[in-house]
$ cat query.pdb   # PDB, C-alpha atoms
MODEL        1
ATOM      1  CA  MET X   9      -4.670  27.724 -27.731
ATOM      2  CA  GLU X  10      -4.254  29.696 -24.519
ATOM      3  CA  SER X  11      -7.297  27.961 -23.037
ATOM      4  CA  ARG X  12      -5.820  24.563 -23.906
ATOM      5  CA  LEU X  13      -2.458  25.420 -22.326
ATOM      6  CA  SER X  14      -4.158  26.631 -19.166
ATOM      7  CA  GLU X  15      -5.669  23.154 -18.707
ATOM      8  CA  LEU X  16      -2.257  21.484 -18.646
ATOM      9  CA  SER X  17      -0.359  20.721 -15.453
ATOM     10  CA  ASN X  18       2.948  19.016 -14.795
ATOM     11  CA  CYS X  19       2.649  15.276 -14.312
ATOM     12  CA  HIS X  20       4.010  14.307 -10.895
ATOM     13  CA  LEU X  21       5.929  11.367 -12.356
ATOM     14  CA  CYS X  22       7.473  12.543 -15.663
ATOM     15  CA  ASN X  23       7.225  16.260 -14.768
ATOM     16  CA  SER X  24       6.001  17.129 -18.272
ATOM     17  CA  PRO X  25       3.055  19.487 -18.880
ATOM     18  CA  ASN X  26       0.071  17.415 -19.875
ATOM     19  CA  GLU X  27      -3.608  16.786 -19.238
ATOM     20  CA  LEU X  28      -3.717  14.891 -15.964
ATOM     21  CA  GLN X  29      -5.859  11.834 -15.296
ATOM     22  CA  ASP X  30      -7.898  11.021 -12.189
ATOM     23  CA  SER X  31      -5.236   8.916 -10.501
ATOM     24  CA  HIS X  32      -6.221   6.514  -7.743
ATOM     25  CA  ILE X  33      -4.068   6.484  -4.637
ATOM     26  CA  ILE X  34      -4.969   2.922  -3.667
ATOM     27  CA  PRO X  35      -5.760   1.008  -6.900
ATOM     28  CA  ARG X  36      -9.352   1.171  -8.086
ATOM     29  CA  SER X  37      -9.604  -2.619  -8.390
ATOM     30  CA  TYR X  38      -9.316  -2.972  -4.600
ATOM     31  CA  PHE X  39     -12.289  -0.669  -4.068
ATOM     32  CA  LYS X  40     -14.252  -2.341  -6.857
ATOM     33  CA  SER X  41     -13.789  -5.703  -5.151
ATOM     34  CA  LEU X  42     -14.889  -4.290  -1.785
ATOM     35  CA  LYS X  43     -17.995  -2.625  -3.196
ATOM     36  CA  GLY X  44     -19.196  -5.763  -4.923
ATOM     37  CA  LYS X  45     -22.702  -5.417  -6.372
ATOM     38  CA  SER X  46     -23.764  -2.667  -3.974
ATOM     39  CA  GLY X  47     -21.576  -0.013  -5.592
ATOM     40  CA  GLN X  48     -21.005   1.586  -2.196
ATOM     41  CA  LEU X  49     -18.672   1.245   0.744
ATOM     42  CA  PHE X  50     -19.321   1.645   4.452
ATOM     43  CA  ILE X  51     -16.741   4.251   5.464
ATOM     44  CA  ALA X  52     -15.726   4.304   9.105
ATOM     45  CA  SER X  53     -12.854   5.809  11.052
ATOM     46  CA  THR X  54     -10.923   4.746  14.137
ATOM     47  CA  ASP X  55     -11.794   8.252  15.366
ATOM     48  CA  GLU X  56     -15.288   7.688  16.767
ATOM     49  CA  SER X  57     -16.091  11.412  16.581
ATOM     50  CA  ILE X  58     -16.177  11.021  12.779
ATOM     51  CA  ARG X  59     -19.585   9.698  11.767
ATOM     52  CA  ALA X  60     -19.652   6.575   9.601
ATOM     53  CA  LYS X  61     -21.354   6.821   6.210
ATOM     54  CA  LEU X  62     -22.033   5.002   2.966
ATOM     55  CA  SER X  63     -20.011   6.242   0.010
ATOM     56  CA  ASN X  64     -19.411   5.254  -3.599
ATOM     57  CA  ALA X  65     -16.168   7.211  -3.787
ATOM     58  CA  ASP X  66     -12.612   5.968  -3.769
ATOM     59  CA  PRO X  67      -9.784   8.468  -3.298
ATOM     60  CA  LYS X  68      -8.378   9.877  -6.532
ATOM     61  CA  GLU X  69      -7.031  13.157  -7.844
ATOM     62  CA  LYS X  70      -5.272  14.558 -10.884
ATOM     63  CA  LEU X  71      -1.676  13.429 -10.423
ATOM     64  CA  LEU X  72      -0.395  11.660 -13.522
ATOM     65  CA  CYS X  73      -0.591  11.993 -17.283
ATOM     66  CA  TRP X  74      -2.086   9.193 -19.372
ATOM     67  CA  LYS X  75       1.316   7.814 -20.398
ATOM     68  CA  CYS X  76       2.539   7.556 -16.792
ATOM     69  CA  GLU X  77      -0.746   5.964 -15.703
ATOM     70  CA  GLN X  78      -0.168   3.312 -18.368
ATOM     71  CA  HIS X  79       3.458   2.885 -17.276
ATOM     72  CA  ILE X  80       2.487   2.186 -13.657
ATOM     73  CA  GLY X  81      -0.395  -0.049 -14.708
ATOM     74  CA  SER X  82       1.561  -2.260 -17.106
ATOM     75  CA  SER X  83       4.865  -2.259 -15.195
ATOM     76  CA  PHE X  84       3.620  -3.066 -11.673
ATOM     77  CA  GLU X  85      -0.066  -2.600 -10.945
ATOM     78  CA  GLN X  86      -1.556  -5.351 -13.107
ATOM     79  CA  TYR X  87       0.641  -7.893 -11.353
ATOM     80  CA  GLY X  88       0.373  -6.332  -7.895
ATOM     81  CA  THR X  89      -3.424  -6.151  -7.765
ATOM     82  CA  ARG X  90      -3.821  -9.745  -8.998
ATOM     83  CA  LEU X  91      -1.296 -11.318  -6.643
ATOM     84  CA  PHE X  92      -3.534 -11.733  -3.565
ATOM     85  CA  LYS X  93      -6.510 -12.896  -5.645
ATOM     86  CA  ASP X  94      -4.837 -15.441  -7.938
ATOM     87  CA  HIS X  95      -4.731 -18.699  -5.963
ATOM     88  CA  ARG X  96      -3.186 -20.830  -8.730
ATOM     89  CA  LYS X  97       0.398 -20.253  -7.554
ATOM     90  CA  VAL X  98      -0.334 -20.158  -3.831
ATOM     91  CA  THR X  99       0.418 -22.743  -1.140
ATOM     92  CA  ARG X 100      -1.081 -22.287   2.332
ATOM     93  CA  THR X 101      -0.278 -23.939   5.648
ATOM     94  CA  LYS X 102      -1.445 -23.083   9.178
ATOM     95  CA  GLU X 103       1.562 -20.777   9.612
ATOM     96  CA  VAL X 104       2.241 -19.178   6.208
ATOM     97  CA  VAL X 105       0.925 -18.318   2.768
ATOM     98  CA  ILE X 106       3.488 -18.987   0.030
ATOM     99  CA  PHE X 107       3.315 -17.174  -3.312
ATOM    100  CA  ASN X 108       5.275 -19.158  -5.880
ATOM    101  CA  GLN X 109       6.889 -17.739  -9.041
ATOM    102  CA  PHE X 110       6.994 -14.432  -7.171
ATOM    103  CA  ARG X 111       8.098 -11.356  -9.127
ATOM    104  CA  PHE X 112       9.739  -9.285  -6.410
ATOM    105  CA  LYS X 113      10.673  -6.111  -8.280
ATOM    106  CA  GLU X 114       7.204  -5.691  -9.777
ATOM    107  CA  PHE X 115       5.428  -6.204  -6.469
ATOM    108  CA  TYR X 116       7.860  -4.078  -4.474
ATOM    109  CA  LEU X 117       7.588  -1.125  -6.872
ATOM    110  CA  PHE X 118       3.815  -1.588  -6.994
ATOM    111  CA  LEU X 119       3.630  -1.106  -3.217
ATOM    112  CA  ILE X 120       6.130   1.766  -3.348
ATOM    113  CA  SER X 121       3.996   3.483  -6.011
ATOM    114  CA  ILE X 122       0.969   3.396  -3.682
ATOM    115  CA  LEU X 123       2.901   4.961  -0.801
ATOM    116  CA  TRP X 124       4.397   7.578  -3.135
ATOM    117  CA  ARG X 125       0.980   8.591  -4.456
ATOM    118  CA  ALA X 126      -0.340   8.910  -0.901
ATOM    119  CA  SER X 127       2.673  11.021   0.055
ATOM    120  CA  ILE X 128       2.318  13.498  -2.834
ATOM    121  CA  SER X 129      -1.477  13.599  -2.581
ATOM    122  CA  SER X 130      -3.222  16.807  -1.563
ATOM    123  CA  LEU X 131      -6.314  14.953  -0.320
ATOM    124  CA  PRO X 132      -7.044  15.674   3.378
ATOM    125  CA  ARG X 133      -7.220  11.965   4.194
ATOM    126  CA  TYR X 134      -3.514  11.630   3.303
ATOM    127  CA  GLU X 135      -2.139  14.787   4.850
ATOM    128  CA  HIS X 136      -0.367  12.723   7.539
ATOM    129  CA  ILE X 137       1.476  10.661   4.892
ATOM    130  CA  ASP X 138       4.351  12.965   3.967
ATOM    131  CA  LEU X 139       7.737  11.456   3.125
ATOM    132  CA  GLY X 140       9.312  14.811   2.345
ATOM    133  CA  LYS X 141      10.710  16.154  -0.918
ATOM    134  CA  GLU X 142      13.938  14.153  -0.955
ATOM    135  CA  LEU X 143      12.305  10.765  -0.400
ATOM    136  CA  ASN X 144       9.421  11.567  -2.741
ATOM    137  CA  ASN X 145      11.928  12.366  -5.501
ATOM    138  CA  LEU X 146      13.856   9.154  -4.861
ATOM    139  CA  LEU X 147      10.698   7.018  -5.045
ATOM    140  CA  ARG X 148       9.538   8.930  -8.124
ATOM    141  CA  HIS X 149      12.846   8.188  -9.859
ATOM    142  CA  CYS X 150      12.659   4.448  -9.081
ATOM    143  CA  ILE X 151       9.028   4.224 -10.231
ATOM    144  CA  LYS X 152       9.672   6.191 -13.422
ATOM    145  CA  GLU X 153      12.796   4.221 -14.336
ATOM    146  CA  ASN X 154      11.295   0.893 -13.218
ATOM    147  CA  LYS X 155      14.259   0.002 -11.067
ATOM    148  CA  ILE X 156      15.203  -0.568  -7.448
ATOM    149  CA  LYS X 157      18.974  -0.112  -7.724
ATOM    150  CA  ILE X 158      20.155   3.320  -6.568
ATOM    151  CA  GLN X 159      23.925   2.854  -6.609
ATOM    152  CA  THR X 160      26.255  -0.014  -7.475
ATOM    153  CA  SER X 161      25.787  -1.769  -4.131
ATOM    154  CA  LEU X 162      22.672  -0.044  -2.778
ATOM    155  CA  ARG X 163      19.028  -0.697  -3.573
ATOM    156  CA  LEU X 164      15.853   1.018  -2.431
ATOM    157  CA  ASP X 165      14.708  -2.114  -0.584
ATOM    158  CA  HIS X 166      17.886  -2.075   1.537
ATOM    159  CA  PHE X 167      16.613   0.829   3.622
ATOM    160  CA  PHE X 168      12.923   1.057   2.643
ATOM    161  CA  LYS X 169      11.790  -2.372   3.814
ATOM    162  CA  ILE X 170       8.289  -3.729   3.197
ATOM    163  CA  SER X 171       6.611  -6.513   5.195
ATOM    164  CA  VAL X 172       3.429  -8.410   4.307
ATOM    165  CA  ILE X 173       1.378 -10.277   6.940
ATOM    166  CA  ARG X 174      -1.836 -12.279   6.493
ATOM    167  CA  ILE X 175      -4.274 -11.345   9.279
ATOM    168  CA  ILE X 176      -6.717 -13.824  10.859
ATOM    169  CA  ASP X 177      -8.850 -13.847  14.009
ATOM    170  CA  LYS X 178      -8.167 -16.956  16.075
ATOM    171  CA  THR X 179     -11.169 -16.220  18.294
ATOM    172  CA  LYS X 180     -13.449 -16.446  15.206
ATOM    173  CA  GLN X 181     -15.304 -13.291  16.287
ATOM    174  CA  LEU X 182     -14.354 -11.967  12.867
ATOM    175  CA  ASN X 183     -14.652 -14.455  10.052
ATOM    176  CA  ASP X 184     -12.119 -14.468   7.249
ATOM    177  CA  ASN X 185     -14.447 -12.831   4.752
ATOM    178  CA  GLU X 186     -15.103  -9.896   7.098
ATOM    179  CA  ILE X 187     -11.354  -9.358   7.458
ATOM    180  CA  LYS X 188     -10.770  -9.593   3.694
ATOM    181  CA  LYS X 189     -13.632  -7.198   2.968
ATOM    182  CA  THR X 190     -12.240  -4.479   5.242
ATOM    183  CA  LEU X 191      -9.765  -1.948   3.910
ATOM    184  CA  PHE X 192      -7.723   0.057   6.377
ATOM    185  CA  ASP X 193      -6.434   3.174   4.668
ATOM    186  CA  PHE X 194      -2.917   4.493   5.214
ATOM    187  CA  ASN X 195      -1.699   5.253   8.688
ATOM    188  CA  PHE X 196       1.634   6.400  10.072
ATOM    189  CA  GLU X 197       3.573   5.738  13.263
ATOM    190  CA  LYS X 198       6.880   6.916  14.652
ATOM    191  CA  GLY X 199       9.014   4.508  16.609
ATOM    192  CA  ALA X 200       9.617   4.964  20.311
ATOM    193  CA  SER X 201      13.114   6.234  19.502
ATOM    194  CA  LEU X 202      14.923   7.629  16.470
ATOM    195  CA  ASP X 203      16.606   4.249  15.942
ATOM    196  CA  ASP X 204      13.187   2.590  15.595
ATOM    197  CA  GLY X 205      12.463   4.649  12.487
ATOM    198  CA  MET X 206       9.021   5.200  10.969
ATOM    199  CA  LEU X 207       6.179   2.958   9.819
ATOM    200  CA  TRP X 208       3.450   3.448   7.239
ATOM    201  CA  TYR X 209       0.823   0.752   6.793
ATOM    202  CA  PHE X 210      -2.501  -0.188   5.231
ATOM    203  CA  MET X 211      -4.527  -3.395   4.964
ATOM    204  CA  VAL X 212      -6.351  -4.874   1.988
ATOM    205  CA  ASP X 213      -7.660  -8.362   1.089
ATOM    206  CA  GLY X 214      -6.713  -9.525   4.592
ATOM    207  CA  PHE X 215      -3.041  -8.618   4.113
ATOM    208  CA  LEU X 216      -1.335  -6.003   6.264
ATOM    209  CA  ILE X 217       1.289  -4.048   4.299
ATOM    210  CA  ILE X 218       3.959  -2.365   6.423
ATOM    211  CA  TYR X 219       6.629   0.032   5.137
ATOM    212  CA  HIS X 220       9.580   0.544   7.475
ATOM    213  CA  LEU X 221      12.193   3.260   7.122
ATOM    214  CA  SER X 222      14.919   3.344   9.761
ATOM    215  CA  PRO X 223      18.341   4.989  10.042
ATOM    216  CA  GLU X 224      21.206   2.525  10.325
ATOM    217  CA  LYS X 225      24.778   3.166  11.400
ATOM    218  CA  ASP X 226      26.563   1.491   8.493
ATOM    219  CA  ILE X 227      25.990   0.200   4.986
ATOM    220  CA  HIS X 228      26.479  -3.441   6.024
ATOM    221  CA  THR X 229      23.601  -3.242   8.527
ATOM    222  CA  ILE X 230      21.418  -1.494   5.952
ATOM    223  CA  ARG X 231      21.993  -4.293   3.440
ATOM    224  CA  THR X 232      21.736  -7.307   5.753
ATOM    225  CA  LYS X 233      19.156  -6.450   8.433
ATOM    226  CA  ARG X 234      15.792  -8.201   7.973
ATOM    227  CA  ASN X 235      12.431  -7.272   9.472
ATOM    228  CA  TYR X 236       9.666  -9.683  10.412
ATOM    229  CA  ALA X 237       7.708 -10.745   7.304
ATOM    230  CA  GLN X 238       9.909  -8.646   5.029
ATOM    231  CA  ILE X 239       9.536  -9.438   1.334
ATOM    232  CA  THR X 240      12.840 -10.233  -0.369
ATOM    233  CA  ASN X 241      14.199 -10.758  -3.858
ATOM    234  CA  LYS X 242      13.404 -14.452  -4.136
ATOM    235  CA  GLN X 243      11.169 -16.566  -6.352
ATOM    236  CA  ARG X 244       8.822 -17.280  -3.431
ATOM    237  CA  MET X 245       7.158 -14.800  -1.098
ATOM    238  CA  VAL X 246       6.510 -16.425   2.273
ATOM    239  CA  VAL X 247       3.858 -14.468   4.181
ATOM    240  CA  PRO X 248       3.348 -15.347   7.861
ATOM    241  CA  ILE X 249      -0.207 -15.747   9.174
ATOM    242  CA  SER X 250      -0.729 -13.749  12.353
ATOM    243  CA  ASP X 251      -3.593 -13.240  14.789
ATOM    244  CA  ILE X 252      -5.233  -9.818  14.741
ATOM    245  CA  ALA X 253      -4.742  -9.634  18.524
ATOM    246  CA  ASN X 254      -1.040  -9.029  17.850
ATOM    247  CA  PHE X 255      -1.868  -5.672  16.251
ATOM    248  CA  LYS X 256      -3.489  -3.209  18.626
ATOM    249  CA  GLN X 257      -4.251  -0.732  15.844
ATOM    250  CA  LEU X 258      -6.274  -3.295  13.887
ATOM    251  CA  VAL X 259      -8.203  -4.413  16.973
ATOM    252  CA  THR X 260      -9.051  -0.782  17.721
ATOM    253  CA  GLY X 261     -10.019  -0.212  14.107
ATOM    254  CA  PHE X 262     -12.395  -3.168  13.890
ATOM    255  CA  SER X 263     -13.936  -2.259  17.254
ATOM    256  CA  SER X 264     -14.572   1.281  16.033
ATOM    257  CA  ILE X 265     -16.044   0.025  12.763
ATOM    258  CA  THR X 266     -18.410  -2.316  14.620
ATOM    259  CA  LYS X 267     -19.630   0.454  16.940
ATOM    260  CA  GLN X 268     -20.137   2.882  14.061
ATOM    261  CA  ALA X 269     -21.940   0.272  11.954
ATOM    262  CA  ILE X 270     -24.389  -0.386  14.802
ATOM    263  CA  ALA X 271     -24.964   3.339  15.318
ATOM    264  CA  HIS X 272     -25.416   3.855  11.564
ATOM    265  CA  ASN X 273     -27.983   1.048  11.268
ATOM    266  CA  ASN X 274     -29.937   2.312  14.294
ATOM    267  CA  ARG X 275     -30.366   5.834  12.927
TER     268      ARG X 275
ENDMDL
END
$ encode --input "query.pdb" --output "structure tokens"
Amino acid sequence: MESRLSELSNCHLCNSPNELQDSHIIPRSYFKSLKGKSGQLFIASTDESIRAKLSNADPKEKLLCWKCEQHIGSSFEQYGTRLFKDHRKVTRTKEVVIFNQFRFKEFYLFLISILWRASISSLPRYEHIDLGKELNNLLRHCIKENKIKIQTSLRLDHFFKISVIRIIDKTKQLNDNEIKKTLFDFNFEKGASLDDGMLWYFMVDGFLIIYHLSPEKDIHTIRTKRNYAQITNKQRMVVPISDIANFKQLVTGFSSITKQAIAHNNR
């Protein structure tokens, strides 16, 4: 009995002592799609001092109990991971990708759950993603209770805004499949001033996901201000299509990947 109890740890979501599962930070299905038949990924960093390598691993650690894993999976993740791949309810023009019959709350909390897991993770690759105890607890509460509303007139998405942008390369140096088959793991940026707030972002399936947290002076501004490409509580999600050249970090990332891939293949 003592041995069994010693194997239990508190689940990070429900806070109950239980046997913890190997929880994925970024959903396993994304990595499975990237690996394809090879079973391995080419791992590269924007830091060229870090040598590129082949790996079959995707980041996971013991964070959640089985019941909470099922809660996240059935409540948000099944819908969230299918959204970019299911083309039946999608309309595309030269300027935008439109997702019809969009389920905002499910997708929003799905993305929030990924950021939360990265923030509470003890893996070295996520040590720069730290929201702090207060924000972590707020996100945990919303994920656990499956709700966005915080107070009568205040919701999580009022001040934690998420934007989604479809990335293309207008020069055609990168084809669309190369962009969709590249996953950029979480990164973090501070704004030039305190008023600019903070950004966390990652890219998967050709879509750049940006989380923006900024201090505002009054509740009206918090509730009404809209960011570029921000997802909102509507039945359609309209995602702008933008050239990769507009995002210096992505250009740098792809350049680094290309250089490391050449060096790796020449070894």
$ resolve_selection --input "query.pdb" --expression "the PyMOL selection byres ((chain X and resi 221) around 8)" --output "short mmCIF file (atom, residue, chain, number, x, y, z; two decimals) with C-alpha atoms, keeping the file's coordinate frame"
data_model
loop_
_atom_site.label_atom_id
_atom_site.label_comp_id
_atom_site.auth_asym_id
_atom_site.auth_seq_id
_atom_site.Cartn_x
_atom_site.Cartn_y
_atom_site.Cartn_z
CA PHE X 167 16.61 0.83 3.62
CA PHE X 168 12.92 1.06 2.64
CA LYS X 169 11.79 -2.37 3.81
CA GLY X 205 12.46 4.65 12.49
CA MET X 206 9.02 5.20 10.97
CA LEU X 207 6.18 2.96 9.82
CA TYR X 219 6.63 0.03 5.14
CA HIS X 220 9.58 0.54 7.48
CA SER X 222 14.92 3.34 9.76
CA PRO X 223 18.34 4.99 10.04
#
$ resolve_selection --input "query.pdb" --expression "the PyMOL selection byres ((chain X and resi 109) around 6)" --output "ChimeraX atom specification"
/X:108,110,243-244
$ residues_near_point --input "query.pdb" --point "(-2.2, -11.6, 5.8)" --cutoff "9 Å" --atoms "all atoms listed in the file" --output "list in words"
Val104, Val105, Val172, Ile173, Arg174, Ile175, Ile176, Met211, Val212, Asp213, Gly214, Phe215, Leu216, Ile217, Val247, Pro248, Ile249 and Ser250 of chain X
$ closest_residue --input "query.pdb" --among "X:Ser161, X:Ser37, X:Ser171, X:Asn18" --to "X:Val246" --atoms "all atoms listed in the file"
X:Ser171
$ resolve_selection --input "query.pdb" --expression "the PyMOL selection byres ((chain X and resi 24) around 12)" --output "PyMOL selection string"
chain X and resi 16-23+25-28+71-76
$ closest_residue --input "query.pdb" --among "X:Glu114, X:Glu142, X:Asp30, X:Glu186" --to "X:Leu91" --atoms "all atoms listed in the file"
X:Glu114
$ atom_distance --input "query.pdb" --atom1 "atom CA of X:Asn183" --atom2 "atom CA of X:Leu42"
15.6 Å
$ atom_distance --input "query.pdb" --atom1 "atom CA of X:Lys180" --atom2 "atom CA of X:Phe192"
19.6 Å
$ closest_residue --input "query.pdb" --among "X:His95, X:Trp124, X:Lys178, X:Lys198" --to "X:Asp138" --atoms "only C-alpha atoms"
X:Trp124
$ closest_residue --input "query.pdb" --among "X:Glu85, X:Glu135, X:Asp184, X:Glu103" --to "X:Ile34" --atoms "all atoms listed in the file"
X:Glu85
$ atom_distance --input "query.pdb" --atom1 "atom CA of X:Ile187" --atom2 "atom CA of X:Lys256"
15.0 Å
$ residues_around --input "query.pdb" --residues "X:Ser121" --least-positions-apart "2" --cutoff "8 Å" --atoms "only C-alpha atoms" --output "list in words"
Ile80, Leu117, Phe118, Leu119, Leu123, Trp124, Arg125, Leu147 and Ile151 of chain X
$ closest_residue --input "query.pdb" --among "X:His166, X:Val259, X:Thr190, X:Ile265" --to "X:Arg231" --atoms "all atoms listed in the file"
X:His166
$ residues_around --input "query.pdb" --residues "X:Leu139" --least-positions-apart "3" --cutoff "7 Å" --atoms "all atoms listed in the file" --output "ChimeraX atom specification"
/X:127,143-144
$ write_last_selection --input "query.pdb" --atoms "C-alpha atoms" --output "compact mmCIF listing (two decimals), in the coordinates of the input"
# COMPACT_ATOMS: atom_id res chain seq x y z
CA SER X 127 2.67 11.02 0.06
CA LEU X 143 12.30 10.76 -0.40
CA ASN X 144 9.42 11.57 -2.74
$ axis_aligned_box --input "query.pdb" --around "stretch 183-188 of chain X" --padding-each-side "5 Å" --output "AutoDock Vina command-line options"
--center_x -12.9 --center_y -11.9 --center_z 6.9 --size_x 14.3 --size_y 15.1 --size_z 16.4
$ closest_residue --input "query.pdb" --among "X:Lys233, X:His149, X:His136, X:Arg36" --to "X:Gly81" --atoms "all atoms listed in the file"
X:Arg36
$ decode --input "query.pdb" --residues "stretch 139-193 of chain X" --atoms "C-alpha atoms" --output "mmCIF file, in the first residue's frame"
data_model
loop_
_atom_site.group_PDB
_atom_site.id
_atom_site.type_symbol
_atom_site.label_atom_id
_atom_site.label_comp_id
_atom_site.auth_asym_id
_atom_site.auth_seq_id
_atom_site.Cartn_x
_atom_site.Cartn_y
_atom_site.Cartn_z
ATOM 1 C CA LEU X 139 2.676 32.665 -17.220
ATOM 2 C CA GLY X 140 3.100 32.804 -13.459
ATOM 3 C CA LYS X 141 1.033 31.203 -10.707
ATOM 4 C CA GLU X 142 -1.953 33.544 -10.881
ATOM 5 C CA LEU X 143 -2.498 33.204 -14.629
ATOM 6 C CA ASN X 144 -1.802 29.469 -14.576
ATOM 7 C CA ASN X 145 -4.504 29.038 -11.920
ATOM 8 C CA LEU X 146 -6.978 31.128 -13.908
ATOM 9 C CA LEU X 147 -6.405 29.096 -17.089
ATOM 10 C CA ARG X 148 -6.561 25.859 -15.093
ATOM 11 C CA HIS X 149 -9.943 26.875 -13.666
ATOM 12 C CA CYS X 150 -11.385 27.704 -17.110
ATOM 13 C CA ILE X 151 -10.087 24.449 -18.618
ATOM 14 C CA LYS X 152 -11.334 22.333 -15.714
ATOM 15 C CA GLU X 153 -14.774 23.956 -15.645
ATOM 16 C CA ASN X 154 -15.022 24.112 -19.452
ATOM 17 C CA LYS X 155 -15.927 27.771 -19.483
ATOM 18 C CA ILE X 156 -14.592 31.123 -20.621
ATOM 19 C CA LYS X 157 -16.710 33.400 -18.423
ATOM 20 C CA ILE X 158 -14.841 34.690 -15.366
ATOM 21 C CA GLN X 159 -17.314 37.234 -14.009
ATOM 22 C CA THR X 160 -20.749 38.451 -15.068
ATOM 23 C CA SER X 161 -19.399 40.776 -17.761
ATOM 24 C CA LEU X 162 -15.829 39.507 -18.164
ATOM 25 C CA ARG X 163 -14.541 36.548 -20.144
ATOM 26 C CA LEU X 164 -11.071 35.085 -20.518
ATOM 27 C CA ASP X 165 -10.978 35.996 -24.218
ATOM 28 C CA HIS X 166 -11.523 39.681 -23.367
ATOM 29 C CA PHE X 167 -7.945 40.064 -22.160
ATOM 30 C CA PHE X 168 -6.265 36.849 -23.370
ATOM 31 C CA LYS X 169 -6.750 37.302 -27.108
ATOM 32 C CA ILE X 170 -5.818 34.641 -29.664
ATOM 33 C CA SER X 171 -5.135 35.271 -33.364
ATOM 34 C CA VAL X 172 -4.846 32.680 -36.142
ATOM 35 C CA ILE X 173 -3.064 33.433 -39.441
ATOM 36 C CA ARG X 174 -2.544 31.156 -42.455
ATOM 37 C CA ILE X 175 1.071 31.475 -43.640
ATOM 38 C CA ILE X 176 2.112 31.254 -47.311
ATOM 39 C CA ASP X 177 5.252 32.143 -49.265
ATOM 40 C CA LYS X 178 4.425 34.438 -52.173
ATOM 41 C CA THR X 179 7.917 33.983 -53.611
ATOM 42 C CA LYS X 180 7.251 30.208 -53.913
ATOM 43 C CA GLN X 181 10.695 29.437 -52.459
ATOM 44 C CA LEU X 182 8.784 27.423 -49.882
ATOM 45 C CA ASN X 183 5.905 25.409 -51.243
ATOM 46 C CA ASP X 184 2.723 25.046 -49.240
ATOM 47 C CA ASN X 185 3.451 21.483 -48.188
ATOM 48 C CA GLU X 186 6.843 22.468 -46.749
ATOM 49 C CA ILE X 187 5.168 25.189 -44.685
ATOM 50 C CA LYS X 188 2.419 22.837 -43.473
ATOM 51 C CA LYS X 189 4.942 20.141 -42.570
ATOM 52 C CA THR X 190 6.981 22.468 -40.350
ATOM 53 C CA LEU X 191 6.100 22.887 -36.695
ATOM 54 C CA PHE X 192 7.491 25.864 -34.830
ATOM 55 C CA ASP X 193 7.389 25.152 -31.117
#
